[in-house]
Amino acid sequence: MANHSNNTALLEETPVILPGHDFETVTEIVAEIPLSKRFPLGWIGVLLIGLGLAGMLHMALGYLLLKGIGIWGNNIPVGWAFDIINFVWWIGIGHAGTLISAILLLFKQQWRMSISRFAEAMTIFAVACAAIFPVFHTGRPWLAAYWLFPYPNTMGLWPQFKSPLIWDVFAVSTYATVSIVFWYVGLIPDLATLRDRAVSKVKASIYGMLSLGWRGSARHWHRYEVTSLILAGLSTPLVLSVHTVVSFDFAVSVIPGWHATIFPPYFVAGAIYSGFAMVLTLAIPVRRFYGMESLITMRHINNMAKVMLATGLMVGYGYAMELFFAWYSANPHEKFMMWNRMFGPYGWSYWTLISINVVMVQFLWLKSVRHNTTLLFIMSIFVNIGMWLERFVIIVTSLNRDFIPASWGMYYPTQWDFMTFFGTIGLFLTLFLLFLRFVPMISIFEVKMLLPQSKVKADHAH
Amino acid sequence: MHTNEPANSLHGVMAEFDSAQAVVDAARKTMAQGFTKVEAYSPVPIEELNDIIHKSRTILPKLVLAGGLTGMAAGMALQYWASIIEYPMNIGGRPQASWITFIVPSYELTILFAALTAVIGMIVLSGLPQPYHPVFNVDRFSMASSDKFFLVVESADPKFDQQATSEFLRGTGAKGVYDVDE
């Protein structure tokens, strides 16, 4: 901790939350939203859009169950397409939430406190959206139980544990479970705050039940803090393993363009990059709409942009390494794959992705860009698109022209592919809006820990 | 707020403070006075309070370690049993017991079991869920989740005396002292 004093000096220059707050104002500003009777018009409007898209998802999946997965555009040679692209995209987005709540907690980054709650919510909803794709790609999700989970079924069948696809089931289901319990544990003290402030009896008892009767005793807080630290310590290797295992789905195969040792770190960096983009996409409008600029400050926005820049550069390094491998392997199939990726029929997607993830991201070096929320918001949407294209490029361009030219083919998504994809965006939006309205979106007790009221001087009597 | 109810229906006496520093100072004085059944309540975690009042740390980390090891063993055992004993598949003559391929699921199960042990352990050791507790009978206690700090000396304490303890707590700088009905 050689530069500890430097960090402290920096902290004093730009406060994590703006001055003028005490315990009461923080509680008031955050708890007021779930407890109020008001449903703001803007909130209702966006919720209707979300619900409309979610309805479309319902229709697309319903039709899939009637007709089978033939309604999707993926077919040999491109046997995997939107289903896995969207799965990886959503899972990746989730990673920022765990990074903020776990890794930054271990590094004692206090700025994480105002954004951890809704970044974690984002994680859970993103994982929920991700899970839809592989489960429905099985075509008969009600049978997926014995394909995916090891349990004694009447047929005496067991999953193939040597397959990365089953590793993925374990990684993603553990990730979903741990993310939910971590989020819930973080909520307990804040739910108690809502219970104590609720005027209506119904709300007080609902929040009271959910808070488990939390009363904030010294012994409970001690156990609580130990638990939070342990969960952070467990979530850190977990989150790194999840996208590593997702990348194994590709890297363990022998397909040129997939079979690369760079995949695990490159996928994890890409996940964090896209996840921070999504946090910015959500945080910038939310802080303005709810007037939270004093709690989610420019310091947060600036830091998130910096993380995006750093991980974006790592992703750019990944692209460079893919090029290098193709050349250095001296393998004609690897070389052809890269040529096909850049100048083949899907070349447009490769160059769009490079212009977003390698070129555009360089503007984040400029402080003026990092402090311009409108520009950052637009850029964050582009990063989301860029990272979606990255998965499209990896999956489709590696498959569409395989070893035998006679079996080459093109992939075109159908309307059902698009309806399912935009439908999950609607589902995500709906869940996120319900979260904003009914759950404290900022961790009240953690933000309070930043205030002088909660500081205790060391006892010199000992 | 004093009531004339008999002492056996009294949970204890509660003192209210404005800041973390004030409640920590009061807790030190209270413990120095020789009280043993004391508990503090605060809107934010204050690590010092547990050190001063309870002087012991939770066994949770040990439970979590045990949970994690159980998860790892369970993961390995499940995969070994399913792939070698119950449902062996010969794929290209590769070894059945290739434990290296079993690492990922048992790694995930290690984390899953450890995390669930941590959360369930925290809740169960704390005696939660517990919708009712005597401290909730004090109206001011609703501020314990907002911006006030509380210290309770329980009637089960051998040194407890309703009048004397209230007087003592007032002397520690409390903003208010209340009886906590059982």
# chains A, B, ... in the order shown; residues from 1 in each chain; ligands from 1

$ closest_atom_pairs --of "chain B" --to "chain A" --cutoff "8 Å" --atoms "only C-alpha atoms" --output "CSV"
residue,atom,partner,partner_atom,distance
B:Ser19,CA,A:Gln453,CA,5.5
B:Ala20,CA,A:Ser454,CA,5.0
B:Gln21,CA,A:Val456,CA,5.0
B:Val24,CA,A:Val456,CA,7.5
B:Glu39,CA,A:Ser217,CA,6.6
B:Ala40,CA,A:Ala218,CA,5.3
B:Tyr41,CA,A:Ser217,CA,4.2
B:Ser42,CA,A:Gly216,CA,5.5
B:Pro43,CA,A:Gly216,CA,6.3
B:Val44,CA,A:Phe445,CA,5.5
B:Pro45,CA,A:Trp221,CA,5.3
B:Ile46,CA,A:Ala218,CA,7.2
B:Glu47,CA,A:His222,CA,6.4
B:Leu49,CA,A:Ala218,CA,5.8
B:Asn50,CA,A:Ala218,CA,5.3
B:His54,CA,A:Arg219,CA,7.2
B:Arg57,CA,A:His222,CA,7.9
B:Thr58,CA,A:Arg223,CA,6.3
B:Leu60,CA,A:Arg223,CA,7.4
B:Pro61,CA,A:Ile230,CA,7.6
B:Gln79,CA,A:Phe161,CA,6.6
B:Ala82,CA,A:Trp158,CA,6.3
B:Ser83,CA,A:Phe161,CA,7.2
B:Tyr87,CA,A:Trp158,CA,6.5
B:Thr101,CA,A:Lys162,CA,5.4
B:Phe102,CA,A:Phe161,CA,6.7
B:Val104,CA,A:Trp167,CA,6.0
B:Pro105,CA,A:Trp167,CA,5.6
B:Glu108,CA,A:Ala171,CA,5.8
B:Leu109,CA,A:Thr174,CA,7.3
B:Ile111,CA,A:Leu234,CA,6.2
B:Leu112,CA,A:Thr174,CA,5.7
B:Ala114,CA,A:Leu234,CA,7.8
B:Ala115,CA,A:Leu231,CA,6.1
B:Leu116,CA,A:Val178,CA,7.6
B:Ala118,CA,A:Thr227,CA,5.8
B:Val119,CA,A:Thr227,CA,6.7
B:Met122,CA,A:Arg223,CA,6.1
B:Ser126,CA,A:His220,CA,5.9
B:Leu128,CA,A:Leu212,CA,5.9
B:Pro129,CA,A:Leu212,CA,4.2
B:Gln130,CA,A:Gly213,CA,5.0
B:Pro131,CA,A:Gly213,CA,4.4
B:Tyr132,CA,A:Gly213,CA,6.9
B:Ser142,CA,A:Asp196,CA,5.2
B:Met143,CA,A:Asp196,CA,7.5
B:Ala144,CA,A:Gly216,CA,7.4
B:Ser145,CA,A:Thr193,CA,4.9
B:Ser146,CA,A:Thr27,CA,6.4
B:Asp147,CA,A:Phe23,CA,5.3

$ write_last_selection --atoms "N, CA and C atoms" --output "compact mmCIF listing (two decimals), in the first residue's frame"
# COMPACT_ATOMS: atom_id res chain seq x y z
N SER B 19 -24.53 9.73 17.45
CA SER B 19 -23.46 9.40 16.51
C SER B 19 -22.80 8.09 16.90
N ALA B 20 -22.06 7.54 15.95
CA ALA B 20 -21.35 6.29 16.19
C ALA B 20 -20.35 6.47 17.33
N GLN B 21 -19.66 7.64 17.34
CA GLN B 21 -18.67 7.91 18.37
C GLN B 21 -19.31 7.90 19.76
N VAL B 24 -20.24 4.36 20.91
CA VAL B 24 -19.04 3.57 21.21
C VAL B 24 -18.48 3.99 22.57
N GLU B 39 -26.38 -4.83 24.66
CA GLU B 39 -26.41 -4.92 23.20
C GLU B 39 -26.56 -3.51 22.63
N ALA B 40 -25.90 -3.29 21.50
CA ALA B 40 -25.99 -1.99 20.84
C ALA B 40 -26.68 -2.17 19.50
N TYR B 41 -27.38 -1.12 19.07
CA TYR B 41 -28.08 -1.18 17.79
C TYR B 41 -27.72 0.06 16.98
N SER B 42 -27.41 -0.15 15.70
CA SER B 42 -26.97 1.01 14.92
C SER B 42 -27.44 0.88 13.48
N PRO B 43 -27.58 2.02 12.77
CA PRO B 43 -28.00 1.96 11.37
C PRO B 43 -26.88 1.52 10.43
N VAL B 44 -25.64 1.58 10.88
CA VAL B 44 -24.52 1.15 10.06
C VAL B 44 -23.66 0.18 10.88
N PRO B 45 -22.92 -0.69 10.22
CA PRO B 45 -22.05 -1.58 10.98
C PRO B 45 -20.93 -0.79 11.67
N ILE B 46 -20.72 -1.04 12.96
CA ILE B 46 -19.61 -0.41 13.69
C ILE B 46 -18.83 -1.55 14.32
N GLU B 47 -17.70 -1.87 13.72
CA GLU B 47 -16.95 -3.05 14.14
C GLU B 47 -16.54 -2.96 15.60
N LEU B 49 -18.09 -1.89 18.14
CA LEU B 49 -19.12 -2.25 19.11
C LEU B 49 -19.07 -3.73 19.46
N ASN B 50 -18.90 -4.57 18.45
CA ASN B 50 -18.83 -6.01 18.73
C ASN B 50 -17.59 -6.33 19.56
N HIS B 54 -19.09 -7.74 22.89
CA HIS B 54 -19.14 -9.21 22.86
C HIS B 54 -17.76 -9.85 22.93
N ARG B 57 -15.42 -13.24 18.20
CA ARG B 57 -15.72 -13.18 16.78
C ARG B 57 -16.53 -14.40 16.39
N THR B 58 -17.26 -14.27 15.30
CA THR B 58 -18.17 -15.32 14.89
C THR B 58 -17.41 -16.54 14.36
N LEU B 60 -18.46 -18.17 11.91
CA LEU B 60 -18.94 -18.32 10.53
C LEU B 60 -17.84 -18.70 9.53
N PRO B 61 -16.66 -18.04 9.56
CA PRO B 61 -15.65 -18.41 8.55
C PRO B 61 -15.29 -19.89 8.58
N GLN B 79 -19.54 -36.67 -9.72
CA GLN B 79 -19.06 -36.87 -11.08
C GLN B 79 -18.39 -38.22 -11.23
N ALA B 82 -21.21 -40.87 -11.20
CA ALA B 82 -22.04 -40.87 -12.41
C ALA B 82 -21.24 -41.32 -13.63
N SER B 83 -20.00 -40.86 -13.76
CA SER B 83 -19.25 -41.12 -15.00
C SER B 83 -18.51 -42.44 -14.99
N TYR B 87 -22.85 -44.72 -15.03
CA TYR B 87 -23.16 -44.49 -16.44
C TYR B 87 -21.88 -44.27 -17.22
N THR B 101 -11.12 -33.17 -15.86
CA THR B 101 -12.34 -32.61 -16.45
C THR B 101 -13.42 -32.41 -15.39
N PHE B 102 -13.22 -32.98 -14.21
CA PHE B 102 -14.24 -32.81 -13.16
C PHE B 102 -13.99 -31.55 -12.34
N VAL B 104 -14.03 -28.29 -13.05
CA VAL B 104 -14.91 -27.12 -13.15
C VAL B 104 -16.20 -27.29 -12.35
N PRO B 105 -16.97 -28.38 -12.54
CA PRO B 105 -18.18 -28.50 -11.72
C PRO B 105 -17.89 -28.53 -10.22
N GLU B 108 -17.23 -25.01 -9.01
CA GLU B 108 -18.46 -24.23 -8.87
C GLU B 108 -19.25 -24.68 -7.64
N LEU B 109 -19.28 -25.99 -7.39
CA LEU B 109 -20.03 -26.47 -6.22
C LEU B 109 -19.36 -26.06 -4.92
N ILE B 111 -17.88 -23.21 -4.44
CA ILE B 111 -18.32 -21.83 -4.21
C ILE B 111 -19.79 -21.79 -3.81
N LEU B 112 -20.60 -22.61 -4.48
CA LEU B 112 -22.03 -22.61 -4.18
C LEU B 112 -22.28 -23.01 -2.73
N ALA B 114 -20.18 -23.01 -0.21
CA ALA B 114 -19.59 -22.05 0.73
C ALA B 114 -20.48 -20.82 0.86
N ALA B 115 -20.97 -20.31 -0.28
CA ALA B 115 -21.78 -19.09 -0.25
C ALA B 115 -23.10 -19.34 0.48
N LEU B 116 -23.72 -20.49 0.20
CA LEU B 116 -24.98 -20.77 0.88
C LEU B 116 -24.76 -20.99 2.37
N ALA B 118 -22.50 -19.49 4.13
CA ALA B 118 -22.29 -18.15 4.70
C ALA B 118 -23.62 -17.47 4.96
N VAL B 119 -24.50 -17.50 3.97
CA VAL B 119 -25.76 -16.76 4.10
C VAL B 119 -26.68 -17.43 5.11
N MET B 122 -25.25 -17.07 8.58
CA MET B 122 -25.43 -15.72 9.13
C MET B 122 -26.85 -15.56 9.66
N SER B 126 -27.83 -15.68 13.77
CA SER B 126 -28.39 -14.44 14.30
C SER B 126 -29.81 -14.64 14.80
N LEU B 128 -32.42 -15.18 13.06
CA LEU B 128 -33.40 -14.59 12.15
C LEU B 128 -34.02 -15.72 11.33
N PRO B 129 -35.18 -15.58 10.75
CA PRO B 129 -36.07 -14.43 10.88
C PRO B 129 -36.76 -14.38 12.25
N GLN B 130 -36.82 -13.19 12.79
CA GLN B 130 -37.43 -12.98 14.10
C GLN B 130 -38.26 -11.70 14.03
N PRO B 131 -39.50 -11.83 13.61
CA PRO B 131 -40.30 -10.61 13.39
C PRO B 131 -40.53 -9.81 14.68
N TYR B 132 -40.56 -10.49 15.83
CA TYR B 132 -40.81 -9.75 17.07
C TYR B 132 -39.57 -9.75 17.94
N SER B 142 -37.57 3.00 15.96
CA SER B 142 -37.70 3.00 14.50
C SER B 142 -36.60 3.85 13.86
N MET B 143 -35.94 4.69 14.67
CA MET B 143 -34.84 5.50 14.14
C MET B 143 -33.53 4.72 14.07
N ALA B 144 -33.53 3.50 14.62
CA ALA B 144 -32.29 2.71 14.63
C ALA B 144 -31.87 2.30 13.22
N SER B 145 -32.82 2.32 12.29
CA SER B 145 -32.45 2.00 10.91
C SER B 145 -32.28 3.27 10.10
N SER B 146 -32.36 4.41 10.77
CA SER B 146 -32.24 5.67 10.04
C SER B 146 -30.99 6.43 10.49
N ASP B 147 -31.06 7.16 11.61
CA ASP B 147 -29.88 7.94 11.99
C ASP B 147 -29.62 8.00 13.50

$ residues_around --residues "Val153 in chain B" --least-positions-apart "2" --cutoff "7 Å" --atoms "only C-alpha atoms" --output "list in words"
Gly12, Val13, Met14, Lys37, Val38, Glu39, Leu151 and Ser155 of chain B

$ write_last_selection --atoms "N, CA and C atoms" --output "PDB file, in the first residue's frame"
ATOM      1  N   GLY B  12     -35.283  -4.462  29.385  1.00  0.00           N
ATOM      2  CA  GLY B  12     -34.071  -3.738  29.753  1.00  0.00           C
ATOM      3  C   GLY B  12     -34.285  -2.245  29.645  1.00  0.00           C
ATOM      4  N   VAL B  13     -33.200  -1.508  29.651  1.00  0.00           N
ATOM      5  CA  VAL B  13     -33.263  -0.057  29.534  1.00  0.00           C
ATOM      6  C   VAL B  13     -32.465   0.353  28.305  1.00  0.00           C
ATOM      7  N   MET B  14     -33.036   1.274  27.533  1.00  0.00           N
ATOM      8  CA  MET B  14     -32.432   1.646  26.263  1.00  0.00           C
ATOM      9  C   MET B  14     -32.012   3.109  26.273  1.00  0.00           C
ATOM     10  N   LYS B  37     -24.823  -8.138  30.182  1.00  0.00           N
ATOM     11  CA  LYS B  37     -25.874  -8.354  29.172  1.00  0.00           C
ATOM     12  C   LYS B  37     -26.195  -7.016  28.496  1.00  0.00           C
ATOM     13  N   VAL B  38     -25.391  -6.698  27.502  1.00  0.00           N
ATOM     14  CA  VAL B  38     -25.514  -5.399  26.848  1.00  0.00           C
ATOM     15  C   VAL B  38     -25.624  -5.649  25.347  1.00  0.00           C
ATOM     16  N   GLU B  39     -26.377  -4.832  24.660  1.00  0.00           N
ATOM     17  CA  GLU B  39     -26.411  -4.924  23.201  1.00  0.00           C
ATOM     18  C   GLU B  39     -26.559  -3.513  22.626  1.00  0.00           C
ATOM     19  N   LEU B 151     -28.243   1.840  22.824  1.00  0.00           N
ATOM     20  CA  LEU B 151     -27.523   0.906  23.680  1.00  0.00           C
ATOM     21  C   LEU B 151     -28.533   0.371  24.693  1.00  0.00           C
ATOM     22  N   SER B 155     -32.429  -6.616  31.365  1.00  0.00           N
ATOM     23  CA  SER B 155     -32.802  -6.870  32.762  1.00  0.00           C
ATOM     24  C   SER B 155     -32.216  -8.190  33.258  1.00  0.00           C
TER      25      SER B 155
END

$ residues_around --residues "Leu169 in chain B" --least-positions-apart "2" --cutoff "10 Å" --atoms "only C-alpha atoms" --output "CSV table (one decimal) with C-alpha atoms, in the first residue's frame"
chain,number,residue,atom,x,y,z
B,13,VAL,CA,-33.3,-0.1,29.5
B,14,MET,CA,-32.4,1.6,26.3
B,15,ALA,CA,-30.3,4.8,25.7
B,16,GLU,CA,-30.3,6.8,22.5
B,26,ALA,CA,-21.1,4.9,26.1
B,27,ALA,CA,-20.5,1.2,25.4
B,29,LYS,CA,-18.2,3.1,29.9
B,30,THR,CA,-21.0,0.6,30.3
B,151,LEU,CA,-27.5,0.9,23.7
B,152,VAL,CA,-29.6,-1.6,25.7
B,153,VAL,CA,-28.7,-3.0,29.2
B,164,ALA,CA,-29.8,3.0,38.8
B,165,THR,CA,-29.1,1.7,35.3
B,166,SER,CA,-31.2,4.4,33.8
B,167,GLU,CA,-29.4,7.0,35.8
B,171,GLY,CA,-24.7,9.9,32.6
B,172,THR,CA,-23.0,8.4,29.5
B,173,GLY,CA,-24.3,11.2,27.3
B,174,ALA,CA,-27.5,9.6,26.1
B,175,LYS,CA,-30.1,11.9,24.4
B,176,GLY,CA,-32.9,9.8,25.9
B,177,VAL,CA,-33.4,6.8,28.1

$ atom_distance --atom1 "CA of Leu433 in chain A" --atom2 "CA of Phe87 in chain A"
21.7 Å

$ select_by_dssp --residues "range 24-177 of chain B" --states "alpha helix (DSSP H)" --output "short mmCIF file (atom, residue, chain, number, x, y, z; two decimals) with N, CA and C atoms, in the first residue's frame"
data_model
loop_
_atom_site.label_atom_id
_atom_site.label_comp_id
_atom_site.auth_asym_id
_atom_site.auth_seq_id
_atom_site.Cartn_x
_atom_site.Cartn_y
_atom_site.Cartn_z
N VAL B 24 -20.24 4.36 20.91
CA VAL B 24 -19.04 3.57 21.21
C VAL B 24 -18.48 3.99 22.57
N ASP B 25 -18.42 5.32 22.81
CA ASP B 25 -17.94 5.80 24.11
C ASP B 25 -18.81 5.27 25.24
N ALA B 26 -20.13 5.33 25.03
CA ALA B 26 -21.05 4.87 26.06
C ALA B 26 -20.89 3.37 26.29
N ALA B 27 -20.70 2.63 25.21
CA ALA B 27 -20.54 1.18 25.35
C ALA B 27 -19.29 0.87 26.17
N ARG B 28 -18.22 1.63 25.93
CA ARG B 28 -16.98 1.41 26.70
C ARG B 28 -17.24 1.64 28.19
N LYS B 29 -17.94 2.77 28.49
CA LYS B 29 -18.21 3.08 29.90
C LYS B 29 -19.08 2.00 30.54
N THR B 30 -20.09 1.54 29.77
CA THR B 30 -21.02 0.55 30.30
C THR B 30 -20.30 -0.75 30.61
N MET B 31 -19.43 -1.17 29.69
CA MET B 31 -18.72 -2.42 29.92
C MET B 31 -17.73 -2.27 31.08
N ALA B 32 -17.13 -1.06 31.18
CA ALA B 32 -16.19 -0.81 32.26
C ALA B 32 -16.91 -0.87 33.61
N GLU B 47 -17.70 -1.87 13.72
CA GLU B 47 -16.95 -3.05 14.14
C GLU B 47 -16.54 -2.96 15.60
N GLU B 48 -16.24 -1.73 16.08
CA GLU B 48 -15.78 -1.56 17.46
C GLU B 48 -16.81 -2.06 18.47
N LEU B 49 -18.09 -1.89 18.14
CA LEU B 49 -19.12 -2.25 19.11
C LEU B 49 -19.07 -3.73 19.46
N ASN B 50 -18.90 -4.57 18.45
CA ASN B 50 -18.83 -6.01 18.73
C ASN B 50 -17.59 -6.33 19.56
N ASP B 51 -16.47 -5.67 19.23
CA ASP B 51 -15.24 -5.93 19.98
C ASP B 51 -15.40 -5.52 21.45
N ILE B 52 -16.08 -4.38 21.67
CA ILE B 52 -16.21 -3.87 23.04
C ILE B 52 -17.20 -4.71 23.83
N ILE B 53 -18.37 -4.99 23.22
CA ILE B 53 -19.45 -5.61 23.99
C ILE B 53 -19.30 -7.13 24.04
N LEU B 60 -18.46 -18.17 11.91
CA LEU B 60 -18.94 -18.32 10.53
C LEU B 60 -17.84 -18.70 9.53
N PRO B 61 -16.66 -18.04 9.56
CA PRO B 61 -15.65 -18.41 8.55
C PRO B 61 -15.29 -19.89 8.58
N LYS B 62 -15.27 -20.49 9.77
CA LYS B 62 -14.94 -21.92 9.85
C LYS B 62 -16.05 -22.76 9.22
N LEU B 63 -17.30 -22.36 9.48
CA LEU B 63 -18.41 -23.09 8.87
C LEU B 63 -18.34 -23.00 7.35
N VAL B 64 -17.98 -21.79 6.86
CA VAL B 64 -17.92 -21.59 5.42
C VAL B 64 -16.83 -22.48 4.81
N LEU B 65 -15.71 -22.58 5.50
CA LEU B 65 -14.64 -23.45 5.01
C LEU B 65 -15.14 -24.89 4.92
N ALA B 66 -15.83 -25.33 5.98
CA ALA B 66 -16.37 -26.70 5.98
C ALA B 66 -17.37 -26.86 4.83
N GLY B 67 -18.23 -25.85 4.66
CA GLY B 67 -19.22 -25.92 3.57
C GLY B 67 -18.54 -26.02 2.22
N GLY B 68 -17.52 -25.21 2.01
CA GLY B 68 -16.82 -25.23 0.73
C GLY B 68 -16.16 -26.58 0.45
N LEU B 69 -15.53 -27.14 1.48
CA LEU B 69 -14.87 -28.44 1.29
C LEU B 69 -15.91 -29.53 1.01
N THR B 70 -17.06 -29.44 1.70
CA THR B 70 -18.14 -30.39 1.43
C THR B 70 -18.58 -30.29 -0.02
N GLY B 71 -18.72 -29.05 -0.51
CA GLY B 71 -19.14 -28.85 -1.89
C GLY B 71 -18.15 -29.46 -2.86
N MET B 72 -16.87 -29.27 -2.57
CA MET B 72 -15.85 -29.79 -3.46
C MET B 72 -15.90 -31.32 -3.48
N ALA B 73 -15.99 -31.91 -2.28
CA ALA B 73 -16.03 -33.37 -2.19
C ALA B 73 -17.29 -33.89 -2.87
N ALA B 74 -18.41 -33.24 -2.63
CA ALA B 74 -19.67 -33.68 -3.22
C ALA B 74 -19.58 -33.62 -4.74
N GLY B 75 -18.98 -32.56 -5.26
CA GLY B 75 -18.86 -32.41 -6.71
C GLY B 75 -18.02 -33.53 -7.31
N MET B 76 -16.88 -33.80 -6.69
CA MET B 76 -16.01 -34.86 -7.21
C MET B 76 -16.70 -36.21 -7.11
N ALA B 77 -17.34 -36.46 -5.96
CA ALA B 77 -17.99 -37.76 -5.74
C ALA B 77 -19.13 -37.96 -6.75
N LEU B 78 -19.94 -36.93 -6.93
CA LEU B 78 -21.06 -37.03 -7.87
C LEU B 78 -20.57 -37.38 -9.27
N GLN B 79 -19.54 -36.67 -9.72
CA GLN B 79 -19.06 -36.87 -11.08
C GLN B 79 -18.39 -38.22 -11.23
N TYR B 80 -17.64 -38.62 -10.20
CA TYR B 80 -16.96 -39.91 -10.27
C TYR B 80 -18.00 -41.02 -10.33
N ILE B 103 -12.89 -30.86 -12.62
CA ILE B 103 -12.53 -29.72 -11.76
C ILE B 103 -13.59 -28.62 -11.83
N VAL B 104 -14.03 -28.29 -13.05
CA VAL B 104 -14.91 -27.12 -13.15
C VAL B 104 -16.20 -27.29 -12.35
N PRO B 105 -16.97 -28.38 -12.54
CA PRO B 105 -18.18 -28.50 -11.72
C PRO B 105 -17.89 -28.53 -10.22
N SER B 106 -16.79 -29.18 -9.80
CA SER B 106 -16.59 -29.20 -8.34
C SER B 106 -16.09 -27.85 -7.82
N TYR B 107 -15.41 -27.11 -8.67
CA TYR B 107 -15.03 -25.73 -8.31
C TYR B 107 -16.29 -24.88 -8.08
N GLU B 108 -17.23 -25.01 -9.01
CA GLU B 108 -18.46 -24.23 -8.87
C GLU B 108 -19.25 -24.68 -7.64
N LEU B 109 -19.28 -25.99 -7.39
CA LEU B 109 -20.03 -26.47 -6.22
C LEU B 109 -19.36 -26.06 -4.92
N THR B 110 -18.02 -25.95 -4.93
CA THR B 110 -17.31 -25.44 -3.75
C THR B 110 -17.82 -24.05 -3.41
N ILE B 111 -17.88 -23.21 -4.44
CA ILE B 111 -18.32 -21.83 -4.21
C ILE B 111 -19.79 -21.79 -3.81
N LEU B 112 -20.60 -22.61 -4.48
CA LEU B 112 -22.03 -22.61 -4.18
C LEU B 112 -22.28 -23.01 -2.73
N PHE B 113 -21.67 -24.11 -2.30
CA PHE B 113 -21.90 -24.59 -0.93
C PHE B 113 -21.36 -23.57 0.08
N ALA B 114 -20.18 -23.01 -0.21
CA ALA B 114 -19.59 -22.05 0.73
C ALA B 114 -20.48 -20.82 0.86
N ALA B 115 -20.97 -20.31 -0.28
CA ALA B 115 -21.78 -19.09 -0.25
C ALA B 115 -23.10 -19.34 0.48
N LEU B 116 -23.72 -20.49 0.20
CA LEU B 116 -24.98 -20.77 0.88
C LEU B 116 -24.76 -20.99 2.37
N THR B 117 -23.63 -21.61 2.73
CA THR B 117 -23.33 -21.77 4.16
C THR B 117 -23.17 -20.40 4.81
N ALA B 118 -22.50 -19.49 4.13
CA ALA B 118 -22.29 -18.15 4.70
C ALA B 118 -23.62 -17.47 4.96
N VAL B 119 -24.50 -17.50 3.97
CA VAL B 119 -25.76 -16.76 4.10
C VAL B 119 -26.68 -17.43 5.11
N ILE B 120 -26.88 -18.75 4.95
CA ILE B 120 -27.78 -19.45 5.87
C ILE B 120 -27.19 -19.39 7.28
N GLY B 121 -25.86 -19.55 7.38
CA GLY B 121 -25.21 -19.48 8.68
C GLY B 121 -25.41 -18.13 9.35
N MET B 122 -25.25 -17.07 8.58
CA MET B 122 -25.43 -15.72 9.13
C MET B 122 -26.85 -15.56 9.66
N ILE B 123 -27.81 -16.03 8.88
CA ILE B 123 -29.22 -15.85 9.27
C ILE B 123 -29.55 -16.72 10.49
N VAL B 124 -29.13 -17.96 10.46
CA VAL B 124 -29.49 -18.87 11.55
C VAL B 124 -28.75 -18.50 12.85
N LEU B 125 -27.45 -18.21 12.76
CA LEU B 125 -26.71 -17.84 13.97
C LEU B 125 -27.27 -16.57 14.60
N GLN B 162 -33.43 -1.05 37.56
CA GLN B 162 -34.09 -0.16 36.62
C GLN B 162 -33.70 1.31 36.84
N GLN B 163 -33.77 1.77 38.08
CA GLN B 163 -33.49 3.18 38.36
C GLN B 163 -32.01 3.50 38.16
N ALA B 164 -31.18 2.68 38.80
CA ALA B 164 -29.75 2.97 38.80
C ALA B 164 -29.17 2.88 37.39
N THR B 165 -29.62 1.86 36.65
CA THR B 165 -29.08 1.69 35.31
C THR B 165 -29.50 2.85 34.42
N SER B 166 -30.76 3.29 34.55
CA SER B 166 -31.23 4.43 33.76
C SER B 166 -30.39 5.66 34.07
N GLU B 167 -30.16 5.88 35.36
CA GLU B 167 -29.35 7.03 35.77
C GLU B 167 -27.95 6.94 35.17
N PHE B 168 -27.39 5.73 35.24
CA PHE B 168 -26.03 5.53 34.72
C PHE B 168 -25.98 5.85 33.23
N LEU B 169 -26.97 5.32 32.46
CA LEU B 169 -26.96 5.54 31.01
C LEU B 169 -27.12 7.01 30.68
N ARG B 170 -27.95 7.72 31.48
CA ARG B 170 -28.11 9.15 31.24
C ARG B 170 -26.75 9.86 31.40
N GLY B 171 -25.97 9.35 32.32
CA GLY B 171 -24.65 9.93 32.58
C GLY B 171 -23.63 9.66 31.48
#

$ select_by_dssp --residues "range 14-130 of chain B" --states "strand (DSSP E or B)" --output "PyMOL selection string"
chain B and resi 14-17+38-41

$ residues_around --residues "range 309-323 of chain A" --least-positions-apart "6" --cutoff "10 Å" --atoms "only C-alpha atoms" --output "PyMOL selection string"
chain A and resi 257-258+260-263+265-274+276+303+334-335+338-339+354+356-365+383+387+390

$ atom_distance --atom1 "CA of Glu86 in chain B" --atom2 "CA of Trp142 in chain A"
24.0 Å

$ atom_distance --atom1 "CA of Ser368 in chain A" --atom2 "CA of Leu280 in chain A"
16.3 Å

$ residues_around --residues "Gly79 in chain A" --least-positions-apart "6" --cutoff "12 Å" --atoms "only C-alpha atoms" --output "list in words"
Ile69, Gly70, Trp72, Gly73, Ile85, His137, Ile395, Val396, Thr397, Ser398, Leu399, Asn400, Asp402, Gly409, Met410, Tyr411, Tyr412 and Pro413 of chain A

$ residues_around --residues "Leu47 in chain A" --least-positions-apart "3" --cutoff "7 Å" --atoms "only C-alpha atoms" --output "PyMOL selection string"
chain A and resi 43-44+50-51+430+433
